[in-house]
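Chemist: One file: upload08.txt (compact mmCIF, C-alpha atoms).
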# COMPACT_ATOMS: atom_id res chain seq x y z
CA MET A 4 3.96 26.78 15.59
CA ARG A 5 3.48 26.21 11.86
CA TYR A 6 5.98 28.99 11.15
CA LEU A 7 8.66 27.26 13.21
CA TYR A 8 7.84 23.97 11.43
CA THR A 9 8.18 25.74 8.05
CA LEU A 10 11.54 27.27 8.99
CA LEU A 11 12.86 23.89 10.05
CA PHE A 12 11.58 22.29 6.82
CA TYR A 13 13.35 24.92 4.71
CA LEU A 14 16.56 24.30 6.65
CA ILE A 15 16.51 20.56 6.02
CA MET A 16 15.52 20.80 2.33
CA PRO A 17 19.12 20.39 1.03
CA PHE A 18 19.43 17.20 3.07
CA VAL A 19 16.06 15.96 1.80
CA PHE A 20 17.28 16.21 -1.80
CA LEU A 21 20.63 14.72 -0.83
CA ARG A 22 18.69 11.74 0.55
CA LEU A 23 16.74 11.48 -2.71
CA TRP A 24 20.00 11.41 -4.64
CA TRP A 25 21.44 8.77 -2.31
CA ARG A 26 18.33 6.56 -2.57
CA SER A 27 18.36 6.93 -6.37
CA LYS A 28 21.58 4.91 -6.45
CA ARG A 29 19.51 1.88 -5.46
CA ILE A 30 16.10 2.97 -6.80
CA PRO A 31 16.48 5.01 -10.02
CA GLY A 32 12.88 6.22 -9.68
CA TYR A 33 14.03 8.65 -7.00
CA ARG A 34 15.88 10.61 -9.71
CA GLN A 35 12.56 11.52 -11.28
CA GLY A 36 10.09 14.23 -10.39
CA TRP A 37 12.41 16.57 -8.47
CA ALA A 38 10.72 19.61 -10.02
CA GLU A 39 7.33 18.16 -9.07
CA ARG A 40 8.49 17.87 -5.46
CA LEU A 41 9.01 21.65 -5.58
CA GLY A 42 5.50 22.20 -6.87
CA TYR A 43 6.29 22.47 -10.58
CA CYS A 44 3.49 20.18 -11.70
CA PRO A 45 3.63 19.49 -15.47
CA TYR A 46 -0.14 19.97 -15.80
CA ARG A 47 -2.09 23.23 -15.83
CA LEU A 48 -5.74 22.50 -15.19
CA GLU A 49 -8.75 24.75 -14.83
CA LYS A 50 -10.37 22.26 -12.43
CA SER A 51 -9.51 18.83 -11.11
CA ILE A 52 -10.11 16.20 -8.47
CA TRP A 53 -6.99 15.47 -6.47
CA VAL A 54 -6.27 12.19 -4.65
CA HIS A 55 -3.13 11.70 -2.56
CA ALA A 56 -1.82 8.21 -1.69
CA VAL A 57 1.64 8.28 -0.19
CA SER A 58 2.95 4.84 -1.26
CA VAL A 59 2.00 1.34 -2.38
CA GLY A 60 -0.33 0.33 0.45
CA GLU A 61 -2.34 3.54 0.30
CA THR A 62 -2.48 3.36 -3.49
CA ILE A 63 -3.87 -0.18 -3.42
CA ALA A 64 -6.56 0.98 -0.99
CA ALA A 65 -7.30 4.00 -3.18
CA VAL A 66 -7.76 2.06 -6.44
CA PRO A 67 -11.51 1.31 -5.99
CA LEU A 68 -12.11 4.91 -4.92
CA ILE A 69 -10.23 6.33 -7.91
CA LYS A 70 -12.20 4.07 -10.26
CA ALA A 71 -15.45 5.29 -8.71
CA LEU A 72 -14.38 8.93 -9.06
CA LEU A 73 -13.47 8.43 -12.72
CA GLN A 74 -16.86 6.90 -13.36
CA GLU A 75 -18.91 9.49 -11.46
CA PHE A 76 -17.00 12.62 -12.49
CA PRO A 77 -15.68 11.86 -15.99
CA GLN A 78 -15.74 15.55 -16.92
CA LEU A 79 -13.01 16.42 -14.39
CA PRO A 80 -9.32 15.54 -14.74
CA LEU A 81 -8.14 13.36 -11.86
CA VAL A 82 -4.69 13.99 -10.39
CA VAL A 83 -3.09 11.34 -8.18
CA THR A 84 -0.03 12.25 -6.12
CA ASN A 85 2.44 9.92 -4.43
CA MET A 86 5.56 10.32 -2.35
CA THR A 87 7.42 7.18 -3.51
CA PRO A 88 8.36 5.73 -6.91
CA THR A 89 6.72 2.43 -5.97
CA GLY A 90 3.44 4.22 -5.30
CA ALA A 91 3.76 6.11 -8.58
CA ALA A 92 4.45 2.88 -10.46
CA ARG A 93 1.36 1.28 -8.95
CA VAL A 94 -0.82 4.19 -10.11
CA LYS A 95 0.54 3.99 -13.65
CA ALA A 96 0.10 0.21 -13.76
CA ALA A 97 -3.51 0.47 -12.58
CA PHE A 98 -4.67 3.47 -14.62
CA ASN A 99 -2.24 4.19 -17.47
CA ASP A 100 -3.20 7.59 -18.91
CA SER A 101 -6.70 7.81 -17.41
CA VAL A 102 -5.29 9.78 -14.45
CA ARG A 103 -2.47 12.29 -14.15
CA GLN A 104 0.17 10.97 -11.75
CA VAL A 105 2.68 13.39 -10.15
CA TYR A 106 4.79 13.56 -7.00
CA ILE A 107 3.35 15.54 -4.12
CA PRO A 108 5.22 18.78 -3.35
CA TYR A 109 7.28 19.01 -0.21
CA ASP A 110 5.46 20.77 2.61
CA VAL A 111 6.80 24.31 2.21
CA PRO A 112 4.52 27.21 1.22
CA GLY A 113 6.15 28.03 -2.12
CA ALA A 114 5.98 24.47 -3.43
CA VAL A 115 2.46 23.95 -2.10
CA ASN A 116 1.14 27.17 -3.66
CA ARG A 117 2.68 26.39 -7.07
CA PHE A 118 1.15 22.93 -7.05
CA LEU A 119 -2.35 24.04 -6.02
CA GLN A 120 -2.29 26.91 -8.51
CA ARG A 121 -1.48 24.53 -11.35
CA ILE A 122 -4.02 21.78 -10.66
CA ASN A 123 -6.85 23.89 -9.13
CA PRO A 124 -8.55 21.03 -7.26
CA GLN A 125 -12.22 21.25 -6.42
CA ILE A 126 -11.60 18.70 -3.70
CA ALA A 127 -8.58 17.04 -2.07
CA VAL A 128 -9.01 13.39 -1.10
CA VAL A 129 -6.14 12.35 1.19
CA MET A 130 -5.69 8.66 1.96
CA GLU A 131 -5.27 7.46 5.55
CA THR A 132 -3.24 9.86 7.73
CA GLU A 133 -1.12 12.20 5.63
CA LEU A 134 -1.50 15.41 7.64
CA TRP A 135 0.81 18.11 6.23
CA PRO A 136 0.53 21.54 7.93
CA ASN A 137 1.37 23.80 4.98
CA LEU A 138 -0.45 21.71 2.43
CA PHE A 139 -3.61 21.78 4.50
CA ALA A 140 -3.19 25.50 5.21
CA GLY A 141 -2.82 26.13 1.47
CA CYS A 142 -6.04 24.25 0.80
CA ARG A 143 -7.84 26.15 3.54
CA LYS A 144 -6.67 29.50 2.13
CA ARG A 145 -7.99 28.54 -1.33
CA HIS A 146 -11.22 27.11 0.10
CA ILE A 147 -10.38 23.61 -1.18
CA PRO A 148 -12.33 21.07 0.93
CA ILE A 149 -10.25 18.17 2.24
CA VAL A 150 -11.71 14.71 2.75
CA ILE A 151 -9.53 12.26 4.68
CA ALA A 152 -10.42 8.87 3.22
CA ASN A 153 -9.86 5.53 4.95
CA ALA A 154 -8.43 7.35 7.95
CA ARG A 155 -6.65 5.43 10.65
CA LEU A 156 -4.79 6.60 13.74
CA SER A 157 -3.01 4.23 16.09
CA ALA A 158 -2.68 4.97 19.78
CA LYS A 159 1.05 5.53 19.30
CA SER A 160 0.51 8.01 16.44
CA ALA A 161 -2.16 9.81 18.47
CA GLN A 162 0.37 10.32 21.25
CA GLY A 163 2.77 11.85 18.74
CA TYR A 164 0.15 14.31 17.48
CA ALA A 165 -0.74 15.17 21.08
CA TYR A 166 2.82 16.45 21.64
CA ILE A 167 2.23 19.09 18.93
CA LEU A 168 -1.40 19.72 19.76
CA SER A 169 -1.57 23.34 18.59
CA LEU A 170 -0.18 22.34 15.17
CA THR A 171 -2.45 19.31 15.00
CA ARG A 172 -5.54 21.39 15.69
CA ASP A 173 -4.47 23.94 13.10
CA ILE A 174 -4.30 21.09 10.56
CA PHE A 175 -7.74 19.86 11.64
CA THR A 176 -9.38 23.20 10.81
CA ALA A 177 -8.73 22.49 7.12
CA ILE A 178 -10.52 19.12 7.16
CA HIS A 179 -14.06 19.09 5.76
CA SER A 180 -14.81 15.38 6.41
CA LEU A 181 -12.95 12.39 7.78
CA ALA A 182 -13.90 8.79 6.97
CA ALA A 183 -12.52 6.63 9.78
CA GLN A 184 -11.80 2.96 9.29
CA ALA A 185 -13.06 2.06 12.77
CA SER A 186 -14.63 3.60 15.86
CA ALA A 187 -11.31 3.54 17.72
CA ASP A 188 -9.69 5.60 14.96
CA ALA A 189 -12.59 8.07 15.02
CA GLU A 190 -12.39 8.55 18.79
CA ARG A 191 -8.65 9.23 18.65
CA PHE A 192 -9.14 11.98 16.07
CA ILE A 193 -11.96 13.48 18.15
CA ALA A 194 -9.85 13.34 21.34
CA LEU A 195 -7.18 15.37 19.55
CA GLY A 196 -9.69 18.07 18.75
CA LEU A 197 -11.34 17.22 15.43
CA ASN A 198 -15.01 18.23 15.43
CA ARG A 199 -17.13 15.12 15.98
CA LYS A 200 -19.56 16.32 13.29
CA LYS A 201 -16.79 15.99 10.70
CA VAL A 202 -16.09 12.34 11.54
CA THR A 203 -17.87 9.33 10.04
CA VAL A 204 -17.01 5.68 10.64
CA THR A 205 -17.19 4.07 7.19
CA GLY A 206 -15.07 0.93 7.42
CA ASN A 207 -11.93 0.09 5.51
CA LEU A 208 -11.64 0.59 1.74
CA LYS A 209 -9.23 -2.33 1.55
CA PHE A 210 -12.24 -4.66 1.88
CA ASP A 211 -13.65 -3.24 -1.39
CA LEU A 212 -10.76 -4.63 -3.41
CA GLU A 213 -11.88 -5.71 -6.88
CA LEU A 214 -10.26 -8.43 -8.96
CA PRO A 215 -9.19 -7.36 -12.47
CA ALA A 216 -11.39 -8.75 -15.24
CA ASP A 217 -8.43 -10.39 -16.97
CA LEU A 218 -6.95 -11.96 -13.83
CA SER A 219 -8.31 -15.45 -14.54
CA ASP A 220 -6.76 -15.60 -18.02
CA LYS A 221 -3.43 -14.23 -16.82
CA SER A 222 -3.45 -16.63 -13.88
CA GLU A 223 -3.97 -19.64 -16.13
CA ALA A 224 -1.15 -18.53 -18.43
CA LEU A 225 1.24 -18.05 -15.51
CA GLN A 226 0.21 -21.38 -13.98
CA ASN A 227 1.21 -23.10 -17.23
CA ARG A 228 4.64 -21.44 -17.10
CA LEU A 229 5.22 -22.42 -13.48
CA GLY A 230 3.94 -25.98 -13.74
CA LYS A 231 0.29 -26.88 -13.81
CA GLU A 232 0.40 -29.58 -11.15
CA ARG A 233 2.99 -28.07 -8.81
CA LEU A 234 2.40 -27.24 -5.18
CA ILE A 235 3.14 -23.51 -4.89
CA TRP A 236 3.38 -21.17 -1.92
CA ILE A 237 4.08 -17.47 -1.97
CA ALA A 238 5.97 -15.26 0.49
CA ALA A 239 4.85 -11.73 -0.37
CA SER A 240 6.26 -8.30 0.52
CA THR A 241 9.34 -9.56 2.37
CA HIS A 242 11.81 -7.36 4.25
CA PRO A 243 15.46 -7.76 5.31
CA GLY A 244 15.84 -10.60 7.78
CA GLU A 245 12.64 -12.30 6.64
CA GLU A 246 14.06 -13.95 3.53
CA GLU A 247 16.46 -15.99 5.65
CA ILE A 248 13.51 -17.39 7.64
CA ILE A 249 11.50 -18.06 4.49
CA LEU A 250 14.38 -19.79 2.70
CA ALA A 251 15.03 -21.94 5.77
CA ALA A 252 11.38 -22.96 5.71
CA HIS A 253 11.55 -23.76 2.00
CA HIS A 254 14.56 -26.04 2.59
CA LEU A 255 12.42 -27.98 5.06
CA ILE A 256 9.41 -28.06 2.72
CA LEU A 257 11.49 -29.41 -0.16
CA LYS A 258 12.55 -32.39 1.95
CA LYS A 259 8.92 -33.54 2.07
CA TYR A 260 7.66 -31.97 -1.18
CA PRO A 261 10.65 -31.93 -3.56
CA ALA A 262 8.57 -30.46 -6.41
CA ALA A 263 7.27 -27.52 -4.35
CA LEU A 264 7.81 -24.02 -5.72
CA LEU A 265 8.23 -20.82 -3.70
CA ILE A 266 7.20 -17.50 -5.23
CA LEU A 267 9.33 -14.98 -3.35
CA VAL A 268 8.36 -11.30 -3.65
CA PRO A 269 10.53 -8.68 -1.91
CA ARG A 270 8.64 -5.56 -0.84
CA HIS A 271 11.05 -3.06 -2.38
CA PRO A 272 12.46 -3.24 -5.92
CA ASP A 273 15.94 -2.12 -4.87
CA ARG A 274 16.29 -5.49 -3.07
CA PHE A 275 15.32 -7.76 -5.98
CA ALA A 276 18.92 -8.49 -7.00
CA ALA A 277 20.16 -8.97 -3.42
CA VAL A 278 17.37 -11.42 -2.59
CA ALA A 279 17.99 -13.39 -5.79
CA GLU A 280 21.67 -13.58 -4.88
CA LEU A 281 20.84 -14.71 -1.33
CA ALA A 282 18.67 -17.54 -2.65
CA GLU A 283 21.34 -18.63 -5.13
CA GLN A 284 23.99 -18.58 -2.40
CA GLN A 285 21.83 -21.08 -0.53
CA MET A 286 21.93 -23.31 -3.62
CA PHE A 287 18.33 -22.75 -4.70
CA LYS A 288 17.56 -22.85 -8.41
CA VAL A 289 16.04 -19.43 -9.10
CA ILE A 290 14.17 -17.90 -12.03
CA ARG A 291 13.30 -14.21 -12.03
CA ARG A 292 9.88 -13.23 -13.35
CA SER A 293 11.41 -10.36 -15.30
CA SER A 294 13.48 -12.84 -17.33
CA GLY A 295 10.36 -14.25 -19.01
CA GLU A 296 11.69 -17.79 -18.59
CA THR A 297 9.46 -20.81 -18.02
CA CYS A 298 10.10 -22.83 -14.87
CA SER A 299 11.56 -26.30 -15.26
CA ALA A 300 10.91 -29.16 -12.87
CA GLN A 301 14.18 -28.22 -11.17
CA THR A 302 13.20 -24.59 -10.46
CA GLU A 303 12.72 -24.10 -6.71
CA ILE A 304 12.16 -20.36 -6.42
CA TYR A 305 10.35 -17.94 -8.72
CA LEU A 306 11.39 -14.41 -7.79
CA GLY A 307 8.63 -11.83 -8.25
CA ASP A 308 10.77 -8.90 -9.38
CA THR A 309 8.11 -6.92 -11.22
CA MET A 310 5.74 -4.20 -10.02
CA GLY A 311 1.95 -4.28 -9.88
CA GLU A 312 1.58 -8.06 -10.23
CA LEU A 313 1.14 -9.21 -6.65
CA LEU A 314 -2.51 -10.22 -7.10
CA LEU A 315 -1.53 -12.31 -10.12
CA LEU A 316 1.26 -14.01 -8.16
CA TYR A 317 -1.08 -14.69 -5.24
CA SER A 318 -3.60 -16.22 -7.64
CA VAL A 319 -1.34 -19.11 -8.70
CA ALA A 320 -0.31 -20.14 -5.18
CA GLN A 321 -2.12 -22.65 -2.99
CA VAL A 322 -0.94 -20.93 0.21
CA ALA A 323 0.02 -17.31 1.00
CA PHE A 324 2.50 -16.10 3.58
CA VAL A 325 2.13 -12.32 4.09
CA ALA A 326 5.44 -10.87 5.22
CA GLY A 327 6.36 -7.75 7.12
CA SER A 328 5.21 -9.87 10.06
CA PHE A 329 8.54 -11.42 11.07
CA ALA A 330 10.21 -7.98 10.86
CA GLN A 331 9.26 -4.96 12.98
CA VAL A 332 7.20 -3.61 10.10
CA GLY A 333 3.77 -4.50 11.43
CA GLY A 334 2.52 -6.72 8.62
CA HIS A 335 1.11 -6.06 5.16
CA ASN A 336 -2.31 -6.32 3.52
CA MET A 337 -3.79 -9.79 4.09
CA LEU A 338 -6.96 -8.98 2.17
CA GLU A 339 -5.40 -9.51 -1.26
CA PRO A 340 -4.93 -13.27 -0.73
CA ALA A 341 -8.21 -13.37 1.23
CA VAL A 342 -10.26 -12.08 -1.71
CA LEU A 343 -8.66 -14.87 -3.77
CA GLN A 344 -9.74 -17.43 -1.16
CA LYS A 345 -6.18 -18.35 -0.26
CA PRO A 346 -5.35 -19.63 3.25
CA ILE A 347 -3.16 -17.03 4.93
CA ILE A 348 -0.12 -17.42 7.16
CA THR A 349 1.71 -14.55 8.87
CA GLY A 350 4.34 -14.00 11.49
CA PRO A 351 3.48 -12.51 14.89
CA VAL A 352 4.23 -8.80 14.26
CA LEU A 353 0.94 -7.33 13.02
CA PHE A 354 0.47 -3.93 14.67
CA ASN A 355 -0.25 -2.15 11.36
CA PHE A 356 -3.09 -4.57 10.61
CA ALA A 357 -4.26 -5.32 14.14
CA GLU A 358 -7.99 -5.08 13.41
CA ILE A 359 -7.93 -6.95 10.09
CA SER A 360 -5.67 -9.69 11.44
CA GLN A 361 -7.95 -10.15 14.46
CA MET A 362 -10.98 -10.49 12.15
CA LEU A 363 -9.18 -13.15 10.12
CA LEU A 364 -8.00 -15.03 13.20
CA THR A 365 -11.47 -14.99 14.76
CA ALA A 366 -12.96 -16.31 11.51
CA LYS A 367 -10.22 -18.99 11.29
CA GLY A 368 -9.05 -17.59 7.97
CA MET A 369 -5.44 -17.03 9.02
CA VAL A 370 -2.70 -18.79 10.97
CA ILE A 371 0.19 -17.16 12.86
CA VAL A 372 3.59 -18.87 13.04
CA GLN A 373 6.65 -17.92 15.07
CA ASN A 374 9.63 -19.26 13.10
CA ALA A 375 10.85 -21.16 10.04
CA GLU A 376 10.01 -24.56 11.47
CA GLU A 377 6.41 -23.62 12.23
CA LEU A 378 6.07 -21.96 8.82
CA ALA A 379 7.29 -25.09 7.04
CA ALA A 380 5.00 -27.31 9.10
CA GLN A 381 1.95 -25.14 8.37
CA ILE A 382 2.70 -24.99 4.64
CA GLY A 383 3.05 -28.78 4.68
CA HIS A 384 -0.29 -29.13 6.46
CA PHE A 385 -2.01 -27.00 3.80
CA PHE A 386 -0.28 -28.89 0.98
CA ALA A 387 -1.34 -32.26 2.42
CA ASP A 388 -4.99 -31.45 3.11
CA HIS A 389 -6.95 -29.93 0.23
CA ASN A 390 -10.17 -29.66 2.27
CA TYR A 391 -8.42 -27.85 5.13
CA ARG A 392 -6.79 -25.50 2.64
CA LYS A 393 -10.15 -24.78 1.01
CA LEU A 394 -11.89 -24.22 4.36
CA ILE A 395 -9.36 -21.67 5.64
CA GLY A 396 -9.34 -19.86 2.29
CA GLU A 397 -13.14 -19.65 2.27
CA ASN A 398 -13.12 -18.36 5.85
CA ALA A 399 -10.69 -15.62 4.82
CA TYR A 400 -12.88 -14.65 1.86
CA GLN A 401 -15.98 -14.40 4.06
CA VAL A 402 -14.24 -11.77 6.19
CA VAL A 403 -13.78 -9.65 3.06
CA ALA A 404 -17.34 -10.24 1.86
CA ALA A 405 -18.85 -9.35 5.25
CA ASN A 406 -17.00 -6.04 5.52
CA ARG A 407 -17.47 -4.53 2.07
CA GLY A 408 -19.30 -1.22 1.73
CA ALA A 409 -16.75 1.41 2.78
CA LEU A 410 -16.41 2.54 -0.84
CA GLN A 411 -20.01 3.68 -1.16
CA LYS A 412 -19.97 5.40 2.24
CA GLN A 413 -16.78 7.29 1.42
CA MET A 414 -18.03 8.19 -2.03
CA GLY A 415 -21.10 9.58 -0.28
CA LEU A 416 -18.90 11.99 1.70
CA ILE A 417 -17.11 13.08 -1.46
CA ARG A 418 -20.37 13.42 -3.37
CA ALA A 419 -21.76 15.68 -0.64
CA VAL A 420 -18.77 17.99 -1.06
CA MET A 421 -18.87 17.98 -4.86
CA THR A 422 -22.58 18.78 -5.07
CA LYS A 423 -22.03 21.93 -3.00
CA GLU A 424 -19.41 23.21 -5.44
Could you rewrite the structure in this file as structure tokens?
Modeler:
Amino acid sequence: MRYLYTLLFYLIMPFVFLRLWWRSKRIPGYRQGWAERLGYCPYRLEKSIWVHAVSVGETIAAVPLIKALLQEFPQLPLVVTNMTPTGAARVKAAFNDSVRQVYIPYDVPGAVNRFLQRINPQIAVVMETELWPNLFAGCRKRHIPIVIANARLSAKSAQGYAYILSLTRDIFTAIHSLAAQASADAERFIALGLNRKKVTVTGNLKFDLELPADLSDKSEALQNRLGKERLIWIAASTHPGEEEIILAAHHLILKKYPAALLILVPRHPDRFAAVAELAEQQMFKVIRRSSGETCSAQTEIYLGDTMGELLLLYSVAQVAFVAGSFAQVGGHNMLEPAVLQKPIITGPVLFNFAEISQMLLTAKGMVIVQNAEELAAQIGHFFADHNYRKLIGENAYQVVAANRGALQKQMGLIRAVMTKE
């Protein structure tokens, strides 16, 4: 079946690059790395450790793991691959030149073989559920052990893999170890045919998020630029259709708290300008972070139009709304505001973070709202009651603190592979 898959992939390759070109009109980063996507990696290494994180969310989860790998194996170059420019930008912001960032090759044998030949990985660490038939077959042929880190598999995704069971099981033969986020994820992989002995439930790396050492200083400096005494809320990682709800809520908030400031952070950089324009059309006074301007008392919205600064922006807000939860996206990572002890609000659509959101709800560290009116009312409640705000934020933090430890368990799996080399 892999041969049919490969033929189909070769046939659609012209359209894949046409799509890259089309997307580059809005996101210039898609014009970069075309040769890398065909396996022409700019590095030629005798040995390396290779980590793959498809986009921003996976990269954020991978950061503690990459730091641990750099510390434990400083003698080996570390290559990090991404599929998206936003993921690549996050790697570069977090690590500068301490890792080698490239785009992952498309899943055709020629590109895969060129890539593997150039970086010569001793181990491949693949984040979450990026299961590519030819890439895994290429690793198997070269005896490169694959560790699936922070693996998750929803019931819906498991059904999809079940439809191509022979291809799925062929992929599984290349996996050395799989670190599942939860028991349910582990059982779904096993039901599809992955050897139970290869599966370990380790927990979720996202709980091992570390705060940068300079965050406190940067936060204080930003707070001074926004207004030291202002009430601030953030709407982070927003998608089309969500900004309208958030702006409607901010109109309501300003009626009761006229000095309140909204930090609005669209998920994708190609939408920064459109979201700024939308806010201005609704007569909000907007400053873009990229402008470097200081907010005046009249500024109502601070648009987060930079990359890699979400933790910093969360840090200066009293309340955090995590978006992707009013749209059919399934939510985004609530643990970033939680580790900062911020009370969390989301919308009702949370299927991508079902387990984490349930933990936060059970611990009373998060509140779900259904619409703009409820969002405004909940923000107002947090603004009005400092003790309530502090309690919910502390509850959210305790969920993070109680679930740390996945990093050491997953490093143990990697260490076991590396010591056999």
Chemist: Which residues of region 31-95 of chain A have any atom within 10 Å of an atom in region 209-224 of chain A when counting all atoms listed in the file, and what is the closest pair of atoms for each, with the distance in Å to one decimal? Order the rows by chain and rising number and write it as a Markdown table.
Modeler:
| residue | atom | partner | partner_atom | distance |
| --- | --- | --- | --- | --- |
| A:Gly60 | CA | A:Lys209 | CA | 9.4 |
| A:Glu61 | CA | A:Lys209 | CA | 9.1 |
| A:Ile63 | CA | A:Lys209 | CA | 7.6 |
| A:Ala64 | CA | A:Lys209 | CA | 5.0 |
| A:Ala65 | CA | A:Lys209 | CA | 8.1 |
| A:Val66 | CA | A:Leu212 | CA | 7.9 |
| A:Pro67 | CA | A:Leu212 | CA | 6.5 |
| A:Leu68 | CA | A:Asp211 | CA | 9.0 |
Chemist: Between CA of Ala92 (chain A) and CA of Ile248 (chain A), what distance in Å does the model show, to one decimal?
Modeler: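 These two atoms are separated by 28.6 Å.
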Chemist: Restrict the calculation to all atoms listed in the file, then for each residue of region 296-329 of chain A with any atom at most 12 Å from an atom of region 396-401 of chain A give the closest atom pair and their distance in Å to one decimal, rows by chain and rising residue number, as CSV.
Modeler:
residue,atom,partner,partner_atom,distance
A:Ala320,CA,A:Gly396,CA,11.7
A:Gln321,CA,A:Gly396,CA,9.4
A:Val322,CA,A:Gly396,CA,8.7
A:Ala323,CA,A:Gly396,CA,9.8
Chemist: With only C-alpha atoms as the counted atoms, please give the residues lying no more than 12 Å from Gly415 (chain A), apart from itself and same-chain residues fewer than 5 positions off, as number ranges by chain.
Modeler: A: 68, 71-72, 75, 150, 152, 180-182, 203, 205, 408-410, 420-422
Chemist: Considering all atoms listed in the file, state which residue in the set A:Pro112, A:Gly383, A:Pro77, A:Gly163 is at the smallest distance from Ala252 (chain A).
Modeler: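 When distances to Ala252 (chain A) are compared using all atoms listed in the file, the smallest one comes from A:Gly383.
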Chemist: How far is it from CA of Leu170 (chain A) to CA of Ala127 (chain A), in Å with one decimal?
Modeler: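 Result for CA of Leu170 (chain A) versus CA of Ala127 (chain A): 19.9 Å, one decimal.
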Chemist: CA of Leu316 (chain A) to CA of Ile348 (chain A): how many Å, to one decimal?
Modeler: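 Distance reported for this atom pair: 15.8 Å.
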Chemist: Restricting the calculation to only C-alpha atoms: of A:Gly32, A:Ala96, A:Val54, A:Asn153, which residue gets closest to Gln411 (chain A)?
Modeler: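 Once distances to Gln411 (chain A) are computed over only C-alpha atoms, the minimum belongs to A:Asn153.
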Chemist: Excluding region 40-52 of chain A and any residue of its chain fewer than 5 positions from it, enumerate the residues within 6 Å of it, using only C-alpha atoms, and give them as a list in words.
Modeler: Leu79, Pro80, Leu81, Tyr106, Ile107, Pro108, Tyr109, Ala114, Val115, Arg117, Phe118, Arg121, Ile122, Asn123, Pro124, Gln125 and Ile126 of chain A
Chemist: Give me the residues near Leu267 (chain A) as a list in words, where near means some atom within 10 Å (using all atoms listed in the file) and where sequence neighbours in that chain fewer than 3 positions away do not count.
Modeler: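 With the cut-off at 10 Å, the set is Trp236, Ile237, Ala238, Ala239, Ser240, Thr241, Glu246, Ile249, Leu250, Leu264, Arg270, Phe275, Val278, Ala279, Ala282, Val289, Arg291, Ile304, Tyr305, Leu306, Gly307, Asp308, Leu316 and Phe324 of chain A.
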Chemist: Of the residues A:Ala97, A:Leu255, A:Val82, A:Ala341, which is the one nearest to Ala380 (chain A), using all atoms listed in the file?
Modeler: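 Between A:Ala97, A:Leu255, A:Val82, A:Ala341, the residue approaching Ala380 (chain A) most closely is A:Leu255.
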Chemist: Might you pull out every residue within 12 Å of Ala185 (chain A), with all atoms listed in the file counted and same-chain residues fewer than 6 positions away left off, and present them as an MDAnalysis selection string?
Modeler: chainID A and resid 131 153:157 191:192 202:208 357:359 406 409
Chemist: Can you tell me, as a PDB file with C-alpha atoms, in the frame of the given file, what residues are no more than 10 Å from Gln331 (chain A) when counting all atoms listed in the file, ignoring any on the same chain fewer than 6 positions away?
Modeler:
ATOM      1  CA  HIS A 242      11.810  -7.360   4.250  1.00  0.00           C
ATOM      2  CA  PRO A 351       3.480 -12.510  14.890  1.00  0.00           C
ATOM      3  CA  VAL A 352       4.230  -8.800  14.260  1.00  0.00           C
ATOM      4  CA  LEU A 353       0.940  -7.330  13.020  1.00  0.00           C
ATOM      5  CA  PHE A 354       0.470  -3.930  14.670  1.00  0.00           C
TER       6      PHE A 354
END
Chemist: May I ask which of the residues A:His55, A:His253, A:Val268, A:Met4 is the closest one to Phe287 (chain A), counting all atoms listed in the file?
Modeler: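 Under the stated criterion, the closest residue is A:His253.
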Chemist: Using only C-alpha atoms, pick whichever of A:Ala300, A:Leu234, A:Ala366, A:Ile149 has the shortest atom-to-atom distance to His389 (chain A).
Modeler: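 Of the candidates, the smallest distance to His389 (chain A) is held by A:Leu234.
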Chemist: Compare A:Ala91, A:Leu11, A:Ala330, A:Ala404 by their minimum atom-to-atom distance to Glu247 (chain A), counting all atoms listed in the file, and give me the closest one.
Modeler: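 For Glu247 (chain A), the nearest of the candidates is A:Ala330.
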